[in-house]
>>> print(open('coords.cif').read())   # mmCIF, C-alpha atoms
data_target
#
loop_
_atom_site.label_atom_id
_atom_site.label_comp_id
_atom_site.auth_asym_id
_atom_site.auth_seq_id
_atom_site.Cartn_x
_atom_site.Cartn_y
_atom_site.Cartn_z
CA MET T 1 -11.73 -8.89 -12.83
CA ALA T 2 -10.03 -5.82 -11.42
CA SER T 3 -7.98 -6.05 -8.23
CA LEU T 4 -9.32 -4.79 -4.91
CA GLY T 5 -6.84 -1.91 -5.07
CA ASP T 6 -8.24 -0.73 -8.41
CA LEU T 7 -11.78 -1.05 -7.08
CA GLU T 8 -10.88 0.99 -4.02
CA ARG T 9 -9.66 3.76 -6.30
CA SER T 10 -12.79 3.60 -8.44
CA VAL T 11 -15.08 3.71 -5.40
CA MET T 12 -13.20 6.68 -3.95
CA GLU T 13 -13.38 8.49 -7.29
CA VAL T 14 -17.17 8.04 -7.35
CA LEU T 15 -17.50 9.25 -3.75
CA TRP T 16 -15.14 12.18 -4.35
CA SER T 17 -17.01 13.27 -7.48
CA GLY T 18 -20.38 13.73 -5.71
CA ASP T 19 -21.47 15.37 -2.47
CA ALA T 20 -24.18 12.97 -1.40
CA ALA T 21 -23.68 9.86 0.73
CA LEU T 22 -24.36 6.72 -1.30
CA SER T 23 -25.54 3.22 -0.47
CA ALA T 24 -23.64 0.17 -1.67
CA ASN T 25 -26.26 -0.47 -4.38
CA GLU T 26 -26.07 3.10 -5.65
CA LEU T 27 -22.29 2.82 -5.73
CA ARG T 28 -22.49 -0.43 -7.68
CA ASP T 29 -24.73 1.27 -10.26
CA ALA T 30 -22.44 4.30 -10.45
CA LEU T 31 -19.45 2.01 -11.03
CA ALA T 32 -21.32 0.09 -13.74
CA MET T 33 -22.28 3.37 -15.44
CA ARG T 34 -18.70 4.65 -15.28
CA ASP T 35 -17.20 1.50 -16.75
CA GLY T 36 -20.16 0.95 -19.08
CA GLU T 37 -18.16 0.31 -22.23
CA SER T 38 -15.81 -2.21 -20.67
CA GLY T 39 -18.90 -4.17 -19.58
CA ARG T 40 -17.56 -4.83 -16.10
CA THR T 41 -20.08 -5.53 -13.37
CA VAL T 42 -19.27 -5.63 -9.71
CA ALA T 43 -21.39 -7.52 -7.19
CA THR T 44 -22.86 -5.54 -4.27
CA THR T 45 -21.02 -7.82 -1.83
CA THR T 46 -17.71 -6.88 -3.47
CA VAL T 47 -18.60 -3.20 -3.14
CA LEU T 48 -19.36 -3.79 0.56
CA THR T 49 -15.98 -5.50 1.04
CA VAL T 50 -14.21 -2.60 -0.61
CA LEU T 51 -16.17 -0.09 1.49
CA SER T 52 -15.29 -1.80 4.76
CA ARG T 53 -11.61 -1.82 3.75
CA LEU T 54 -11.82 1.89 2.96
CA GLU T 55 -13.59 2.55 6.25
CA ARG T 56 -10.78 0.77 8.10
CA LYS T 57 -8.19 2.89 6.28
CA GLY T 58 -9.97 6.08 7.34
CA PHE T 59 -11.15 7.13 3.90
CA VAL T 60 -14.89 6.49 4.20
CA SER T 61 -17.45 7.16 6.90
CA ARG T 62 -20.66 5.17 7.29
CA THR T 63 -24.06 6.45 8.40
CA ARG T 64 -25.75 3.66 10.34
CA GLU T 65 -29.06 5.38 11.20
CA HIS T 66 -31.10 3.78 8.44
CA ARG T 67 -30.79 0.70 6.31
CA PRO T 68 -29.19 0.49 3.85
CA HIS T 69 -26.11 2.17 5.38
CA ARG T 70 -24.85 5.13 3.41
CA TYR T 71 -21.18 5.86 2.73
CA GLN T 72 -19.37 9.14 2.27
CA ALA T 73 -15.75 10.26 1.69
CA LEU T 74 -14.29 11.42 5.00
CA LEU T 75 -11.93 14.00 3.46
CA SER T 76 -11.62 15.38 -0.04
CA ARG T 77 -8.84 14.07 -2.22
CA GLU T 78 -6.97 17.38 -1.83
CA GLU T 79 -7.21 17.22 1.96
CA HIS T 80 -5.88 13.66 2.02
CA THR T 81 -3.02 14.61 -0.30
CA ALA T 82 -2.12 17.64 1.82
CA GLU T 83 -2.08 15.42 4.91
CA LEU T 84 0.16 12.90 3.16
CA MET T 85 2.58 15.63 2.06
CA HIS T 86 2.68 16.96 5.58
CA GLU T 87 3.64 13.52 6.88
CA VAL T 88 6.33 13.03 4.24
CA LEU T 89 7.90 16.41 4.98
CA ASP T 90 7.81 15.95 8.75
CA ARG T 91 11.32 15.07 9.82
CA SER T 92 10.61 14.76 13.53
CA SER T 93 9.61 11.11 13.26
CA ASP T 94 10.80 7.72 12.15
CA ARG T 95 9.72 8.37 8.61
CA ASP T 96 13.22 9.18 7.49
CA ALA T 97 14.07 5.55 7.95
CA ALA T 98 11.04 4.45 5.96
CA LEU T 99 11.17 6.79 2.98
CA ALA T 100 13.91 8.29 0.84
CA ARG T 101 13.29 11.82 -0.34
CA PHE T 102 15.09 13.31 -3.34
CA VAL T 103 16.27 16.23 -1.18
CA GLY T 104 16.38 15.77 2.57
CA THR T 105 14.99 18.46 4.86
CA VAL T 106 15.69 20.00 8.22
CA SER T 107 13.00 21.47 10.40
CA ASP T 108 14.87 24.36 12.03
CA GLY T 109 15.67 27.75 10.58
CA GLU T 110 18.29 27.50 7.92
CA ALA T 111 16.14 29.16 5.30
CA ALA T 112 18.16 32.35 4.92
CA THR T 113 21.49 30.52 4.64
CA LEU T 114 20.04 28.15 2.11
CA ARG T 115 18.51 30.91 -0.01
CA ARG T 116 21.84 32.74 -0.09
CA LEU T 117 23.73 29.59 -1.05
CA LEU T 118 21.26 28.78 -3.79
CA ASP T 119 21.41 32.32 -5.17
CA GLU T 120 25.20 32.12 -5.29
CA LEU T 121 25.07 28.78 -7.05
CA VAL T 122 22.57 30.02 -9.63
CA ARG T 123 24.67 33.11 -10.35
CA ARG T 124 27.86 31.12 -10.67
CA MET I 1 42.23 -13.59 28.48
CA VAL I 2 42.43 -10.19 30.10
CA ALA I 3 44.92 -9.21 27.38
CA VAL I 4 42.35 -10.14 24.71
CA ALA I 5 39.72 -8.08 26.55
CA VAL I 6 42.05 -5.08 26.66
CA GLY I 7 42.81 -5.49 22.94
CA LEU I 8 39.10 -5.60 22.08
CA GLY I 9 38.48 -2.58 24.29
CA ALA I 10 41.20 -0.62 22.52
CA LEU I 11 39.73 -1.58 19.13
CA ALA I 12 36.25 -0.58 20.31
CA LEU I 13 37.48 2.83 21.44
CA THR I 14 39.35 3.43 18.17
CA LEU I 15 36.28 2.50 16.15
CA ALA I 16 34.00 4.56 18.38
CA TRP I 17 35.79 7.84 18.09
CA PRO I 18 38.97 8.65 16.08
CA ILE I 19 38.31 6.53 13.00
CA PRO I 20 34.71 7.68 12.35
CA LEU I 21 35.79 11.28 12.92
CA VAL I 22 38.59 11.04 10.36
CA LEU I 23 36.39 9.16 7.89
CA SER I 24 33.52 11.65 8.16
CA ARG I 25 35.93 14.49 7.34
CA ALA I 26 37.83 12.74 4.57
CA ALA I 27 37.43 13.85 0.96
CA TRP I 28 37.86 10.51 -0.76
CA PRO I 29 34.41 9.05 0.10
CA ALA I 30 32.84 11.55 -2.35
CA HIS I 31 34.92 9.90 -5.08
CA SER I 32 34.14 6.30 -4.10
CA PRO I 33 30.83 6.35 -2.19
CA ALA I 34 30.18 2.62 -2.57
CA VAL I 35 33.52 1.67 -1.01
CA ALA I 36 33.08 4.22 1.78
CA LEU I 37 29.61 2.85 2.52
CA ALA I 38 31.10 -0.64 2.90
CA LEU I 39 33.76 0.72 5.25
CA TRP I 40 31.16 2.49 7.43
CA GLN I 41 29.23 -0.75 7.80
CA ALA I 42 32.39 -2.66 8.71
CA ILE I 43 33.25 0.00 11.32
CA ALA I 44 29.79 -0.19 12.88
CA VAL I 45 29.66 -3.98 13.04
CA ALA I 46 33.27 -4.36 14.20
CA GLY I 47 32.76 -1.59 16.77
CA GLY I 48 29.71 -3.32 18.22
CA LEU I 49 31.40 -6.75 18.24
CA SER I 50 34.54 -5.49 19.95
CA MET I 51 32.61 -3.41 22.51
CA ILE I 52 30.44 -6.35 23.54
CA GLY I 53 33.39 -8.73 23.18
CA CYS I 54 35.58 -6.66 25.49
CA LEU I 55 33.00 -6.87 28.31
CA LEU I 56 32.24 -10.52 27.61
CA VAL I 57 35.85 -11.70 27.54
CA PHE I 58 36.77 -9.73 30.66
CA GLY I 59 33.74 -11.07 32.50
CA ALA I 60 34.55 -14.64 31.49
CA SER I 61 38.27 -14.38 32.24
CA PRO I 62 38.18 -16.18 35.67
CA ALA I 63 37.01 -19.36 33.91
CA GLY I 64 39.73 -19.20 31.23
CA SER I 65 37.36 -19.34 28.23
CA LEU I 66 33.91 -18.23 27.11
CA LEU I 67 32.54 -21.77 27.11
CA GLY I 68 34.19 -22.41 30.46
CA ALA I 69 32.44 -19.38 31.94
CA TRP I 70 29.14 -20.53 30.41
CA HIS I 71 29.47 -23.97 32.04
CA ALA I 72 30.51 -22.46 35.36
CA LEU I 73 27.84 -19.75 35.56
CA VAL I 74 24.66 -20.98 33.84
CA PRO I 75 23.97 -23.88 36.28
CA ALA I 76 24.85 -21.57 39.18
CA LEU I 77 22.17 -19.09 38.05
CA PHE I 78 19.44 -21.58 39.00
CA THR I 79 20.94 -23.78 41.64
CA GLY I 80 23.41 -22.18 43.79
CA PRO I 81 26.35 -20.10 44.72
CA ILE I 82 28.28 -18.29 42.00
CA PRO I 83 31.81 -19.75 41.77
CA PRO I 84 34.05 -17.64 44.03
CA GLN I 85 36.59 -16.77 41.32
CA PHE I 86 33.97 -14.50 39.68
CA GLY I 87 34.04 -11.09 41.32
CA VAL I 88 31.40 -8.36 41.20
CA VAL I 89 33.25 -6.61 38.33
CA HIS I 90 33.17 -9.78 36.24
CA LEU I 91 29.46 -10.29 36.78
CA ALA I 92 28.79 -6.60 36.07
CA ALA I 93 30.77 -6.83 32.81
CA LEU I 94 28.82 -9.93 31.72
CA THR I 95 25.49 -8.28 32.56
CA LEU I 96 26.47 -5.15 30.67
CA ALA I 97 27.56 -7.18 27.63
CA ALA I 98 24.24 -9.04 27.54
CA GLY I 99 22.29 -5.82 28.11
CA LEU I 100 24.09 -3.99 25.32
CA ALA I 101 23.58 -6.85 22.87
CA VAL I 102 19.86 -7.08 23.67
CA HIS I 103 19.46 -3.29 23.54
CA LEU I 104 21.03 -3.03 20.08
CA ALA I 105 19.04 -5.99 18.72
CA LEU I 106 15.73 -4.69 20.13
CA ASN I 107 16.33 -1.23 18.71
CA LEU I 108 17.05 -2.65 15.27
CA ALA I 109 13.88 -4.75 15.41
CA LEU I 110 11.77 -1.83 16.65
CA THR I 111 13.08 0.55 13.98
CA ALA I 112 12.44 -2.06 11.30
CA VAL I 113 8.88 -2.68 12.49
CA ARG I 114 8.09 1.05 12.61
CA ALA I 115 9.53 1.60 9.14
CA GLU I 116 7.56 -1.33 7.75
CA ARG I 117 4.32 -0.03 9.28
CA GLU I 118 4.95 3.41 7.81
CA ARG I 119 5.69 1.90 4.40
CA ARG I 120 2.47 -0.09 4.41
CA ARG I 121 0.54 3.07 5.23
CA GLN I 122 2.36 4.97 2.48
CA HIS I 123 1.47 2.30 -0.08
CA GLN I 124 -2.20 2.48 0.96
CA LEU I 125 -2.34 6.26 0.72
CA VAL I 126 -0.28 6.58 -2.43
CA SER I 127 -2.22 3.93 -4.35
CA LEU I 128 -5.51 5.69 -3.49
CA LEU I 129 -4.37 9.28 -3.92
CA GLY I 130 -1.80 9.05 -6.69
CA ASP I 131 -2.34 8.51 -10.39
CA PRO I 132 -0.10 6.01 -12.18
CA MET I 133 2.45 7.74 -14.38
CA PRO I 134 2.15 6.61 -18.01
CA GLY I 135 5.22 4.74 -19.22
CA GLN I 136 6.81 4.55 -15.76
CA PRO I 137 6.05 1.39 -13.79
CA HIS I 138 5.66 1.67 -9.99
CA THR I 139 5.48 5.46 -10.23
CA ARG I 140 2.61 7.54 -8.82
CA VAL I 141 1.83 11.21 -9.20
CA LEU I 142 0.18 13.18 -6.40
CA ALA I 143 -1.88 16.30 -7.09
CA HIS I 144 0.06 18.83 -5.00
CA PRO I 145 1.86 22.06 -5.97
CA ALA I 146 5.02 21.53 -3.87
CA PRO I 147 7.87 19.99 -5.90
CA LEU I 148 8.63 16.77 -4.07
CA ALA I 149 9.95 13.33 -4.96
CA TYR I 150 10.42 10.32 -2.73
CA CYS I 151 10.38 6.57 -2.86
CA VAL I 152 8.84 3.91 -0.68
CA PRO I 153 11.27 0.99 -0.43
CA GLY I 154 10.53 -2.58 0.59
CA ILE I 155 9.24 -5.67 -1.16
CA ARG I 156 6.65 -3.55 -2.98
CA THR I 157 8.25 -0.34 -4.17
CA ALA I 158 6.83 2.98 -5.30
CA THR I 159 8.37 6.17 -6.64
CA VAL I 160 6.18 9.16 -5.78
CA LEU I 161 6.27 12.50 -7.62
CA THR I 162 4.04 15.57 -7.35
CA ASP I 163 2.35 17.66 -10.05
CA GLY I 164 4.41 20.58 -8.78
CA LEU I 165 7.62 18.67 -9.46
CA ILE I 166 6.61 17.64 -12.97
CA ASP I 167 5.59 21.25 -13.80
CA ALA I 168 8.80 22.74 -12.40
CA LEU I 169 11.31 20.38 -14.04
CA SER I 170 12.39 19.89 -17.64
CA PRO I 171 12.03 16.34 -19.03
CA ASP I 172 15.77 15.73 -18.51
CA GLU I 173 15.62 16.93 -14.92
CA LEU I 174 12.60 14.70 -14.27
CA ALA I 175 14.50 11.73 -15.74
CA ALA I 176 17.36 12.51 -13.34
CA VAL I 177 14.99 12.51 -10.33
CA ILE I 178 13.38 9.22 -11.35
CA ALA I 179 16.79 7.59 -11.98
CA HIS I 180 17.94 8.81 -8.54
CA GLU I 181 14.94 7.30 -6.75
CA ARG I 182 15.21 4.03 -8.74
CA ALA I 183 18.85 3.74 -7.64
CA HIS I 184 17.80 3.99 -3.97
CA LEU I 185 15.27 1.21 -4.55
CA ASP I 186 17.53 -1.05 -6.65
CA GLN I 187 20.55 -0.74 -4.37
CA LEU I 188 18.48 -1.34 -1.20
CA HIS I 189 19.84 1.76 0.51
CA HIS I 190 17.00 1.64 3.01
CA LEU I 191 18.51 -1.43 4.71
CA VAL I 192 21.84 0.31 5.40
CA LEU I 193 20.12 3.52 6.48
CA LEU I 194 17.80 1.56 8.76
CA ALA I 195 20.72 -0.09 10.56
CA PHE I 196 22.47 3.24 11.15
CA ARG I 197 19.21 4.88 12.18
CA ALA I 198 18.69 2.10 14.74
CA TRP I 199 22.28 2.45 16.00
CA HIS I 200 21.75 6.20 16.43
CA SER I 201 18.48 5.76 18.32
CA ALA I 202 20.02 3.02 20.50
CA LEU I 203 22.95 5.28 21.47
CA PRO I 204 21.54 8.83 21.32
CA TRP I 205 24.22 10.17 23.68
CA PHE I 206 26.97 8.86 21.43
CA PRO I 207 28.08 11.81 19.24
CA ILE I 208 29.63 9.60 16.59
CA ALA I 209 26.35 7.80 15.92
CA ASN I 210 24.82 11.01 14.57
CA ARG I 211 27.89 11.76 12.47
CA ALA I 212 27.92 8.22 11.12
CA GLU I 213 24.23 8.33 10.23
CA ARG I 214 24.60 11.61 8.35
CA SER I 215 27.68 10.36 6.48
CA VAL I 216 25.87 7.21 5.45
CA ILE I 217 22.79 9.15 4.28
CA LEU I 218 24.99 11.45 2.20
CA LEU I 219 26.90 8.51 0.66
CA ALA I 220 23.62 6.84 -0.33
CA GLU I 221 22.49 10.10 -1.95
CA MET I 222 25.79 10.32 -3.84
CA LEU I 223 25.42 6.76 -5.13
CA ALA I 224 21.91 7.57 -6.34
CA ASP I 225 23.16 10.84 -7.86
CA ASP I 226 25.76 8.91 -9.87
CA ARG I 227 22.98 6.85 -11.42
CA ALA I 228 21.04 10.04 -12.21
CA ARG I 229 24.11 11.60 -13.86
CA ARG I 230 24.63 8.56 -16.06
CA ALA I 231 20.93 8.53 -17.00
CA ALA I 232 20.33 12.24 -17.61
CA GLY I 233 23.59 14.16 -17.30
CA ASP I 234 25.17 16.50 -14.75
CA GLU I 235 23.22 19.62 -15.73
CA ALA I 236 19.87 17.85 -15.44
CA LEU I 237 20.69 16.66 -11.92
CA ARG I 238 21.98 20.09 -10.89
CA GLY I 239 18.79 21.76 -12.13
CA ALA I 240 16.60 19.23 -10.33
CA LEU I 241 18.52 19.63 -7.06
CA LEU I 242 18.22 23.42 -7.22
CA VAL I 243 14.48 23.38 -7.93
CA VAL I 244 13.57 20.77 -5.33
CA GLY I 245 16.06 22.06 -2.74
CA GLY I 246 14.84 25.63 -3.13
CA GLY I 247 11.21 24.69 -2.76
CA GLY I 248 10.65 25.58 -6.43
CA PRO I 249 8.17 28.10 -7.78
CA GLY I 250 5.30 26.41 -5.92
CA GLY I 251 7.09 26.39 -2.58
CA TYR I 252 6.17 24.01 0.19
CA GLY I 253 3.11 26.08 1.06
CA ASP I 254 2.16 25.98 4.71
CA ASP I 255 4.76 23.39 5.61
CA THR I 256 7.71 25.32 6.99
CA VAL I 257 10.19 22.66 6.05
CA ILE I 258 13.58 23.64 4.73
CA ALA I 259 16.04 21.62 2.71
CA ASP I 260 19.06 20.21 4.55
CA ALA I 261 21.52 22.80 3.24
CA ASP I 262 24.73 21.00 4.18
CA MET I 263 23.75 17.87 2.35
CA LEU I 264 22.42 19.75 -0.65
CA THR I 265 25.59 21.81 -1.07
CA ALA I 266 27.77 18.71 -0.65
CA ARG I 267 25.87 17.05 -3.49
CA LEU I 268 25.97 20.17 -5.71
CA ASP I 269 29.69 20.73 -5.07
CA ARG I 270 30.41 17.13 -5.91
CA LEU I 271 29.04 17.65 -9.42
CA ASP I 272 31.91 20.04 -10.11
CA VAL I 273 34.63 18.08 -8.36
CA VAL I 274 33.98 14.44 -9.16
CA PRO I 275 33.67 13.46 -12.83
CA ALA I 276 30.52 11.52 -13.72
CA ALA I 277 32.32 8.31 -14.63
CA SER I 278 35.26 8.42 -12.27
CA SER I 279 37.37 5.56 -13.59
CA SER I 280 40.31 6.00 -11.21
CA PRO I 281 39.09 6.18 -7.61
CA ALA I 282 40.96 8.47 -5.24
CA VAL I 283 41.90 5.54 -2.99
CA PRO I 284 42.50 2.00 -4.19
CA ARG I 285 39.23 0.13 -3.82
CA ALA I 286 41.01 -3.13 -2.87
CA LEU I 287 42.82 -1.40 -0.01
CA VAL I 288 39.63 -0.09 1.61
CA LEU I 289 37.69 -3.30 1.10
CA GLY I 290 40.64 -5.25 2.55
CA ALA I 291 40.70 -2.95 5.57
CA SER I 292 36.93 -3.43 6.00
CA ALA I 293 37.32 -7.21 5.94
CA LEU I 294 40.22 -7.01 8.42
CA LEU I 295 38.09 -4.91 10.78
CA LEU I 296 35.51 -7.68 10.90
CA ILE I 297 38.05 -10.51 11.14
CA VAL I 298 39.92 -9.09 14.17
CA PRO I 299 37.05 -9.20 16.71
CA LEU I 300 35.78 -12.50 15.34
CA ALA I 301 39.28 -14.02 15.64
CA ALA I 302 39.48 -12.75 19.23
CA TYR I 303 36.14 -14.41 20.04
CA THR I 304 37.35 -17.70 18.54
CA ALA I 305 40.66 -17.57 20.38
CA VAL I 306 39.00 -17.47 23.80
CA LEU I 307 35.93 -19.55 22.96
CA ALA I 308 37.12 -22.89 24.36
CA ASP I 309 39.77 -23.96 26.84
CA HIS I 310 43.21 -23.62 25.37
CA PRO I 311 45.74 -26.37 26.19
CA ALA I 312 48.43 -23.78 26.82
CA GLY I 313 46.24 -21.34 28.77
#
>>> encode(input="coords.cif", output="structure tokens")
Amino acid sequence: MASLGDLERSVMEVLWSGDAALSANELRDALAMRDGESGRTVATTTVLTVLSRLERKGFVSRTREHRPHRYQALLSREEHTAELMHEVLDRSSDRDAALARFVGTVSDGEAATLRRLLDELVRR
Amino acid sequence: MVAVAVGLGALALTLAWPIPLVLSRAAWPAHSPAVALALWQAIAVAGGLSMIGCLLVFGASPAGSLLGAWHALVPALFTGPIPPQFGVVHLAALTLAAGLAVHLALNLALTAVRAERERRRQHQLVSLLGDPMPGQPHTRVLAHPAPLAYCVPGIRTATVLTDGLIDALSPDELAAVIAHERAHLDQLHHLVLLAFRAWHSALPWFPIANRAERSVILLAEMLADDRARRAAGDEALRGALLVVGGGGPGGYGDDTVIADADMLTARLDRLDVVPAASSSPAVPRALVLGASALLLIVPLAAYTAVLADHPAG
């Protein structure tokens, strides 16, 4: 049995690969089709658990107008990644204490100085 | 007791200004970053202890000892008049000592909680958005053109790389980046950086706090660089620093974020100056570690000396 984290990834990959909003049953079938050879089956209740976790994390939106509820990816994978990169590069927060970047950054204009220094170093 | 308070005050002032200034300008820490990192921590802890101790000991001096002051003042807080030998200055010093101690502790706790929350969020996002890197445990690759590498420390760890980084670097350079990030995670640099970050945010008006934090960040980077040099060689690390520091061919796109040039040049210069396996440190390791231990022992000995009533005093 795969972990919840792996299932979350699989569910997001299914939602990201199509445009339409899907119900939990449709998602379960799509997951079974995807992993057909490995013979893994996921119960609808497990899919619902995963979906509510993803909804809480801000990855999935739910349409409640009709039953069964339909689920959709809130942002594309690229948009999420861009947002994450933006957060990691933002120095004006406490994130410096939380993460360690390979090369630290400053937010104010040192671009010209840096370019010149780098050019000198490359020429050397 | 007043003499002890004056001594602690003098130590606090020395540790607050001249010593950090000299240390942040010294050349030897680049040769022995691990020893210098230990010394910075000793300076910070000893500085805090002697600053608080100076106020505490002076405030308690009318009673003759710290415990004596405790027994004289704590019942009086609830029941009745403050003993007359305690003047306004003594009470102010005691209040300030307690306030400073609480302020520093709260700031450390707050910074730690914020960092932990951010790390949990990072793990969530990275495990959903990143693909595992084959052959590299706890390493995720994000689909983004900007060359970027970072790690998420903590109980669960993750090293995060981007497509842009993998495309821009040679295999050796990539190995250097991964070894660098692993060193941060293995050597628990985040704990030291967190403490100095908290100290800086607790005392934002204190110019040395900023200098100390930057020195400690740079020393941690140097320690991680040493691991990268042993794993992949000097040239690989230099190439990786130049590509990532310069934004690489992909650039950072819309994010107008620029590499910290001072730190980057310090790390690049060090590659030429300090040999990869520097067997003979510029300063004797035992001397610096002994000095660090002494720094911690002095304020603690002062506390002990005035803790209880002394037969002679």
>>> resolve_selection(input="coords.cif", expression="the PyMOL selection byres ((chain I and resi 193) around 10)", output="ChimeraX atom specification")
/T:96-98,100 /I:188-192,194-199,213-214,216-217,220
>>> axis_aligned_box(input="coords.cif", around="stretch 134-150 of chain I", padding_each_side="6 Å", output="JSON")
{"center_x": 4.3, "center_y": 11.7, "center_z": -11.0, "size_x": 24.3, "size_y": 32.7, "size_z": 28.5}
>>> closest_residue(input="coords.cif", among="T:Gln72, T:Thr81, T:Thr49, T:Thr63", to="T:Gly5", atoms="only C-alpha atoms")
T:Thr49
>>> closest_residue(input="coords.cif", among="I:Ala286, I:Leu129, I:Ala212, I:Leu219", to="T:Arg9", atoms="only C-alpha atoms")
I:Leu129
>>> resolve_selection(input="coords.cif", expression="the PyMOL selection byres ((chain I and resi 165-170) around 12)", output="ChimeraX atom specification")
/T:102 /I:133,140-150,160-164,171-178,232,235-252
